[in-house]
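*Asks:* Structure file query.cif (mmCIF, C-alpha atoms) is given on the next line.
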```cif
data_structure
loop_
_atom_site.label_atom_id
_atom_site.label_comp_id
_atom_site.auth_asym_id
_atom_site.auth_seq_id
_atom_site.Cartn_x
_atom_site.Cartn_y
_atom_site.Cartn_z
CA SER R 1 21.20 82.34 29.74
CA PRO R 2 22.00 80.50 26.49
CA SER R 3 24.25 81.98 23.86
CA VAL R 4 22.66 83.65 20.85
CA ASP R 5 23.92 80.81 18.65
CA SER R 6 22.38 78.09 20.82
CA LEU R 7 19.09 79.98 21.11
CA ILE R 8 18.85 80.45 17.34
CA PHE R 9 19.88 76.85 16.71
CA LYS R 10 17.27 75.54 19.17
CA HIS R 11 14.53 77.38 17.27
CA CYS R 12 15.91 76.38 13.85
CA LEU R 13 16.05 72.70 14.81
CA ALA R 14 12.50 72.82 16.21
CA ILE R 15 11.22 74.20 12.87
CA ARG R 16 13.19 71.61 10.90
CA VAL R 17 11.83 68.76 13.02
CA LYS R 18 8.24 70.00 12.52
CA VAL R 19 8.69 70.29 8.74
CA PHE R 20 11.02 67.42 7.84
CA VAL R 21 10.26 64.82 10.54
CA ASP R 22 6.64 65.44 11.52
CA GLU R 23 5.28 66.57 8.12
CA GLN R 24 7.55 64.95 5.54
CA LYS R 25 8.34 61.81 7.58
CA PHE R 26 12.13 61.92 7.39
CA THR R 27 13.82 60.30 10.38
CA TYR R 28 14.88 62.40 13.35
CA GLU R 29 18.40 60.98 12.92
CA SER R 30 18.60 62.33 9.36
CA GLU R 31 17.57 65.75 10.63
CA ASP R 32 19.80 65.94 13.71
CA ASP R 33 22.74 64.68 11.65
CA GLY R 34 25.66 66.12 13.63
CA LEU R 35 26.55 68.54 10.81
CA ASP R 36 25.01 71.66 12.36
CA VAL R 37 28.23 72.61 14.16
CA ASP R 38 29.76 73.41 10.74
CA CYS R 39 26.91 75.78 9.79
CA HIS R 40 25.58 79.27 10.11
CA HIS R 41 21.92 79.10 11.13
CA PHE R 42 19.40 81.60 9.82
CA LEU R 43 16.10 82.03 11.67
CA LEU R 44 13.10 83.90 10.27
CA LEU R 45 10.80 85.51 12.81
CA SER R 46 7.19 86.57 12.48
CA LEU R 47 6.52 89.84 14.33
CA PRO R 48 3.63 92.21 14.88
CA SER R 49 4.11 95.63 13.24
CA SER R 50 4.66 97.14 16.69
CA LEU R 51 8.01 95.30 16.84
CA SER R 52 9.13 96.02 13.27
CA SER R 53 11.77 98.48 14.45
CA ALA R 54 12.92 96.44 17.47
CA SER R 55 16.64 95.73 17.77
CA SER R 56 18.05 92.25 17.23
CA SER R 57 18.97 92.03 20.90
CA GLU R 58 15.41 92.90 21.96
CA LEU R 59 13.97 90.29 19.61
CA LEU R 60 16.39 87.64 20.88
CA GLU R 61 15.50 88.52 24.46
CA ARG R 62 11.80 88.13 23.63
CA LEU R 63 12.54 84.85 21.85
CA GLU R 64 14.42 83.53 24.87
CA LYS R 65 11.52 84.48 27.16
CA GLU R 66 9.14 82.75 24.72
CA ASP R 67 7.20 85.97 24.16
CA GLU R 68 4.17 84.99 22.06
CA ALA R 69 4.54 88.15 19.93
CA VAL R 70 7.81 86.82 18.45
CA LYS R 71 7.34 83.58 16.55
CA SER R 72 9.98 81.47 14.82
CA ILE R 73 8.57 80.69 11.40
CA GLY R 74 11.46 79.73 9.10
CA ALA R 75 14.97 78.34 9.19
CA LEU R 76 17.89 77.28 7.05
CA ARG R 77 21.48 76.28 7.52
CA GLN R 78 24.51 77.15 5.46
CA PHE R 79 27.69 75.13 5.64
CA VAL R 80 30.86 77.04 6.40
CA LYS R 81 33.85 74.68 6.53
CA LYS R 82 33.28 71.18 5.14
CA LYS R 83 31.00 72.13 2.25
CA PRO R 84 31.36 75.91 1.92
CA GLY R 85 28.42 77.54 0.18
CA LYS R 86 25.99 74.68 0.70
CA VAL R 87 22.53 75.84 1.72
CA ALA R 88 20.38 73.18 3.35
CA ARG R 89 17.31 72.45 5.43
CA VAL R 90 15.26 75.38 4.15
CA ALA R 91 12.03 75.11 6.15
CA ILE R 92 8.99 77.34 6.61
CA LEU R 93 6.22 76.37 9.02
CA PRO R 94 2.79 75.79 7.41
CA GLU R 95 1.34 79.09 8.67
CA GLY R 96 4.11 80.99 6.85
CA ARG R 97 3.86 79.27 3.48
CA GLY R 98 2.56 80.94 0.35
CA LYS R 99 3.62 84.38 1.54
CA GLY R 100 7.07 84.61 -0.06
CA LEU R 101 8.87 83.95 3.23
CA GLY R 102 10.97 81.05 1.94
CA GLY R 103 12.19 83.21 -0.91
CA LEU R 104 12.88 86.06 1.49
CA LEU R 105 14.92 83.79 3.76
CA VAL R 106 17.02 82.35 0.92
CA SER R 107 17.45 85.82 -0.62
CA LYS R 108 18.78 87.19 2.69
CA VAL R 109 21.39 84.41 2.77
CA VAL R 110 22.36 85.16 -0.85
CA GLU R 111 22.64 88.87 0.02
CA TRP R 112 24.72 88.11 3.13
CA GLU R 113 27.01 85.81 1.17
CA ARG R 114 27.52 88.38 -1.61
CA GLU R 115 28.51 91.01 0.97
CA ASN R 116 30.51 88.92 3.44
CA GLY R 117 31.21 85.54 1.95
CA LYS R 118 34.22 83.87 0.51
CA VAL R 119 32.52 81.45 -1.89
CA LYS R 120 31.90 81.97 -5.59
CA GLU R 121 28.61 80.07 -5.64
CA LEU R 122 25.89 78.73 -3.39
CA PHE R 123 24.52 75.26 -3.95
CA LEU R 124 21.89 72.99 -2.49
CA HIS R 125 20.40 69.54 -2.84
CA SER R 126 16.75 70.13 -3.66
CA GLN R 127 14.11 67.46 -3.30
CA TYR R 128 13.35 66.35 -6.84
CA LEU R 129 9.82 67.77 -6.88
CA PRO R 130 8.68 70.18 -9.63
CA LYS R 131 7.25 72.72 -7.15
CA THR R 132 10.43 72.74 -5.07
CA ILE R 133 12.72 73.03 -8.08
CA ARG R 134 10.63 75.92 -9.50
CA PHE R 135 10.90 77.70 -6.12
CA TYR R 136 14.71 77.63 -6.26
CA GLU R 137 14.81 78.46 -9.98
CA ARG R 138 12.80 81.65 -9.29
CA LEU R 139 15.61 82.61 -6.88
CA GLY R 140 18.24 82.09 -9.60
CA PHE R 141 19.41 78.55 -8.83
CA LYS R 142 19.92 76.19 -11.77
CA SER R 143 20.82 72.54 -12.21
CA ASP R 144 24.53 72.00 -12.71
CA GLY R 145 23.79 68.96 -14.89
CA SER R 146 24.57 66.42 -12.17
CA PRO R 147 22.39 63.31 -12.20
CA ILE R 148 19.47 62.92 -9.80
CA PHE R 149 20.58 61.12 -6.63
CA MET R 150 19.10 59.64 -3.47
CA GLU R 151 19.50 61.46 -0.16
CA ASP R 152 17.68 60.40 3.00
CA GLY R 153 15.53 58.02 0.93
CA MET R 154 14.27 60.66 -1.52
CA GLU R 155 15.36 61.80 -4.98
CA HIS R 156 17.34 65.07 -4.98
CA ILE R 157 19.04 67.27 -7.55
CA LYS R 158 21.97 69.64 -7.14
CA LEU R 159 21.17 73.28 -7.90
CA VAL R 160 23.74 76.11 -7.99
CA LEU R 161 23.66 79.90 -7.86
CA PRO R 162 26.78 81.76 -9.03
CA LEU R 163 27.54 84.79 -6.88
#
```
Starting from the file, lay out its structure as structure tokens.
*Replies:*
Amino acid sequence: SPSVDSLIFKHCLAIRVKVFVDEQKFTYESEDDGLDVDCHHFLLLSLPSSLSSASSSELLERLEKEDEAVKSIGALRQFVKKKPGKVARVAILPEGRGKGLGGLLVSKVVEWERENGKVKELFLHSQYLPKTIRFYERLGFKSDGSPIFMEDGMEHIKLVLPL
């Protein structure tokens, strides 16, 4: 049986490929960039209310068995060593959008970092799109004044959140 980390990563990468490669037309190579080994991976699951009190181990077991009641719906990665505090690849599948799940996922990472982390701020490279920037601003991120830059063929801006 796969390790918890590899199981979570498999589901996170699948979500990222659907969102960034299939939908947004980034290349697979830019998504599977070899940097994931330096990251914590956060996976958001969609569950029926009957599983709301299930343990993490039970949910992971159901995920491994591909139980249809437990659906992977969101993912993000946070760098640990090379770029500590960097949050990246925030992705929510289409059926989960517009329900506050992206904000919930990012907020959980912020909460985890405030309780357990060693960094003084989180930062990310947001696509330079008004809707995307507003999403992160509602979560407390702000531009650090850096110029807009190109990343994977698209304009991005650096946003930071002091902890």
*Asks:* If you count only C-alpha atoms, which residues fall within 10 Å of Glu151 in chain R, apart from same-chain ones fewer than 6 positions away, as a VMD selection string?
*Replies:* chain R and resid 30 125 to 127 157
*Asks:* Which value, in Å to one decimal, gives the distance between CA of Lys142 in chain R and CA of Phe20 in chain R?
*Replies:*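 Going from CA of Lys142 in chain R over to CA of Phe20 in chain R, I get 23.3 Å.
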*Asks:* Which residue, R:His41, R:Leu7, R:Gly117, R:Leu159, has the smallest gap to Glu66 in chain R when you use all atoms listed in the file?
*Replies:* R:Leu7
*Asks:* Could you work out how far CA of Arg97 in chain R lies from CA of Tyr28 in chain R, giving the answer in Å with one decimal?
*Replies:*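 CA of Tyr28 in chain R sits 22.4 Å away from CA of Arg97 in chain R.
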*Asks:* Tell me, in Å to one decimal, how far CA of His156 in chain R is from CA of Asn116 in chain R.
*Replies:* 28.5 Å
*Asks:* Nearest to Gly103 in chain R among R:His40, R:Lys120, R:Gly140, R:Val80, with distances taken over only C-alpha atoms: which residue is it?
*Replies:* R:Gly140
*Asks:* If we count all atoms listed in the file, what is near Leu45 in chain R at a cut-off of 8 Å, once residues fewer than 5 positions away on the same chain are taken out, given as number ranges by chain?
*Replies:* R: 70-74
*Asks:* Quick check on the file I pasted: which residues fall under the PyMOL selection byres ((chain R and resi 16) around 10)? Write them as a PyMOL selection string.
*Replies:* chain R and resi 11-15+17-23+28+31-32+74-76+89-93
*Asks:* Evaluated on this file, the PyMOL selection byres ((chain R and resi 78) around 6) picks out some residues - which ones are they, written as an mmCIF file with C-alpha atoms, in the frame of the given file?
*Replies:*
```
data_model
loop_
_atom_site.group_PDB
_atom_site.id
_atom_site.type_symbol
_atom_site.label_atom_id
_atom_site.label_comp_id
_atom_site.auth_asym_id
_atom_site.auth_seq_id
_atom_site.Cartn_x
_atom_site.Cartn_y
_atom_site.Cartn_z
ATOM 1 C CA CYS R 39 26.910 75.780 9.790
ATOM 2 C CA HIS R 40 25.580 79.270 10.110
ATOM 3 C CA ARG R 77 21.480 76.280 7.520
ATOM 4 C CA PHE R 79 27.690 75.130 5.640
ATOM 5 C CA LYS R 86 25.990 74.680 0.700
ATOM 6 C CA VAL R 87 22.530 75.840 1.720
#
```
*Asks:* Going by the chain IDs and residue numbers used in this file, which residues fall under the PyMOL selection byres ((chain R and resi 67-69) around 10)? Write them as a PyMOL selection string.
*Replies:* chain R and resi 45-48+50-51+59-66+70-72
*Asks:* Would you save the residues of that selection, restricted to C-alpha atoms, as a short mmCIF file (atom, residue, chain, number, x, y, z; two decimals), in the coordinates of the input?
*Replies:*
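Wrote it out as selection17.cif, contents follow:
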```
data_model
loop_
_atom_site.label_atom_id
_atom_site.label_comp_id
_atom_site.auth_asym_id
_atom_site.auth_seq_id
_atom_site.Cartn_x
_atom_site.Cartn_y
_atom_site.Cartn_z
CA LEU R 45 10.80 85.51 12.81
CA SER R 46 7.19 86.57 12.48
CA LEU R 47 6.52 89.84 14.33
CA PRO R 48 3.63 92.21 14.88
CA SER R 50 4.66 97.14 16.69
CA LEU R 51 8.01 95.30 16.84
CA LEU R 59 13.97 90.29 19.61
CA LEU R 60 16.39 87.64 20.88
CA GLU R 61 15.50 88.52 24.46
CA ARG R 62 11.80 88.13 23.63
CA LEU R 63 12.54 84.85 21.85
CA GLU R 64 14.42 83.53 24.87
CA LYS R 65 11.52 84.48 27.16
CA GLU R 66 9.14 82.75 24.72
CA VAL R 70 7.81 86.82 18.45
CA LYS R 71 7.34 83.58 16.55
CA SER R 72 9.98 81.47 14.82
#
```
*Asks:* Can you tell me, as JSON, the centre and edge lengths (Å, one decimal) of the axis-aligned box enclosing all of range 93-102 of chain R's listed atoms after padding each side by 4 Å?
*Replies:*
```
{"center_x": 6.2, "center_y": 80.2, "center_z": 4.5, "size_x": 17.6, "size_y": 16.8, "size_z": 17.1}
```
*Asks:* Which of these residues is nearest to Phe42 in chain R, using only C-alpha atoms: R:Asp144, R:Glu121, R:Glu155, R:Asp5?
*Replies:*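 Ranked by minimum distance to Phe42 in chain R, first place goes to R:Asp5.
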*Asks:* For Met154 in chain R, which residue among R:Leu129, R:Arg134, R:Ala88, R:Ser52 is the nearest when counting all atoms listed in the file?
*Replies:*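 Checking each candidate against Met154 in chain R, we get R:Leu129 as the closest.
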*Asks:* For a quick check of understanding, using all atoms listed in the file, which of R:Leu44, R:Ser53, R:Gly153, R:Lys10 has the smallest distance to Leu101 in chain R?
*Replies:*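 Checking each candidate against Leu101 in chain R, we get R:Leu44 as the closest.
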*Asks:* Would you mind listing what lies within 10 Å of Leu139 in chain R as number ranges by chain, with only C-alpha atoms counted and same-chain residues fewer than 6 positions away left out?
*Replies:* R: 103-104, 106-107, 110, 161
*Asks:* Which one is closest to Leu124 in chain R: R:Ile8, R:Val160, R:Leu43, R:Val37? Count only C-alpha atoms.
*Replies:*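 The shortest atom-to-atom distance to Leu124 in chain R comes from R:Val160.
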*Asks:* Kindly complete range 26-50 of chain R to N, CA, C and O atoms; the output should be written as a short mmCIF file (atom, residue, chain, number, x, y, z; two decimals), keeping the file's coordinate frame.
*Replies:*
```cif
data_model
loop_
_atom_site.label_atom_id
_atom_site.label_comp_id
_atom_site.auth_asym_id
_atom_site.auth_seq_id
_atom_site.Cartn_x
_atom_site.Cartn_y
_atom_site.Cartn_z
N PHE R 26 10.72 62.31 7.34
CA PHE R 26 12.13 61.92 7.39
C PHE R 26 12.43 61.49 8.82
O PHE R 26 11.70 61.85 9.75
N THR R 27 13.50 60.75 9.02
CA THR R 27 13.82 60.30 10.38
C THR R 27 14.43 61.45 11.17
O THR R 27 15.06 62.35 10.62
N TYR R 28 14.27 61.39 12.49
CA TYR R 28 14.88 62.40 13.35
C TYR R 28 16.41 62.35 13.20
O TYR R 28 17.07 63.36 13.19
N GLU R 29 16.95 61.14 13.06
CA GLU R 29 18.40 60.98 12.92
C GLU R 29 18.92 61.66 11.66
O GLU R 29 20.02 62.21 11.66
N SER R 30 18.14 61.65 10.58
CA SER R 30 18.60 62.33 9.36
C SER R 30 18.54 63.84 9.53
O SER R 30 19.30 64.57 8.90
N GLU R 31 17.67 64.31 10.41
CA GLU R 31 17.57 65.75 10.63
C GLU R 31 18.62 66.25 11.62
O GLU R 31 19.29 67.23 11.37
N ASP R 32 18.78 65.56 12.72
CA ASP R 32 19.80 65.94 13.71
C ASP R 32 21.05 65.12 13.38
O ASP R 32 21.41 64.19 14.07
N ASP R 33 21.70 65.50 12.28
CA ASP R 33 22.74 64.68 11.65
C ASP R 33 24.16 64.96 12.13
O ASP R 33 25.12 64.44 11.57
N GLY R 34 24.33 65.82 13.12
CA GLY R 34 25.66 66.12 13.63
C GLY R 34 26.43 67.12 12.79
O GLY R 34 27.57 67.44 13.11
N LEU R 35 25.84 67.62 11.71
CA LEU R 35 26.55 68.54 10.81
C LEU R 35 26.29 70.01 11.14
O LEU R 35 26.92 70.90 10.58
N ASP R 36 25.39 70.27 12.06
CA ASP R 36 25.01 71.66 12.36
C ASP R 36 26.15 72.49 12.93
O ASP R 36 26.15 73.70 12.80
N VAL R 37 27.13 71.85 13.56
CA VAL R 37 28.23 72.61 14.16
C VAL R 37 29.07 73.30 13.09
O VAL R 37 29.73 74.29 13.37
N ASP R 38 29.01 72.82 11.85
CA ASP R 38 29.76 73.41 10.74
C ASP R 38 28.92 74.44 9.96
O ASP R 38 29.23 74.76 8.83
N CYS R 39 27.85 74.95 10.56
CA CYS R 39 26.91 75.78 9.79
C CYS R 39 26.60 77.10 10.48
O CYS R 39 26.65 77.21 11.70
N HIS R 40 26.27 78.07 9.63
CA HIS R 40 25.58 79.27 10.11
C HIS R 40 24.10 78.91 10.08
O HIS R 40 23.63 78.25 9.16
N HIS R 41 23.36 79.37 11.07
CA HIS R 41 21.92 79.10 11.13
C HIS R 41 21.17 80.41 10.99
O HIS R 41 21.48 81.39 11.67
N PHE R 42 20.21 80.42 10.09
CA PHE R 42 19.40 81.60 9.82
C PHE R 42 17.97 81.31 10.28
O PHE R 42 17.40 80.29 9.90
N LEU R 43 17.43 82.20 11.10
CA LEU R 43 16.10 82.03 11.67
C LEU R 43 15.23 83.20 11.22
O LEU R 43 15.62 84.36 11.36
N LEU R 44 14.06 82.88 10.70
CA LEU R 44 13.10 83.90 10.27
C LEU R 44 12.03 84.02 11.34
O LEU R 44 11.46 83.02 11.77
N LEU R 45 11.78 85.26 11.77
CA LEU R 45 10.80 85.51 12.81
C LEU R 45 9.57 86.20 12.23
O LEU R 45 9.68 87.01 11.31
N SER R 46 8.43 85.89 12.79
CA SER R 46 7.19 86.57 12.48
C SER R 46 6.91 87.52 13.64
O SER R 46 6.89 87.10 14.79
N LEU R 47 6.69 88.80 13.31
CA LEU R 47 6.52 89.84 14.33
C LEU R 47 5.29 90.68 14.06
O LEU R 47 4.94 90.91 12.91
N PRO R 48 4.69 91.22 15.12
CA PRO R 48 3.63 92.21 14.88
C PRO R 48 4.29 93.52 14.43
O PRO R 48 5.46 93.76 14.69
N SER R 49 3.54 94.37 13.76
CA SER R 49 4.11 95.63 13.24
C SER R 49 4.67 96.49 14.37
O SER R 49 5.60 97.26 14.15
N SER R 50 4.15 96.34 15.57
CA SER R 50 4.66 97.14 16.69
C SER R 50 6.11 96.82 17.04
O SER R 50 6.79 97.61 17.69
#
```
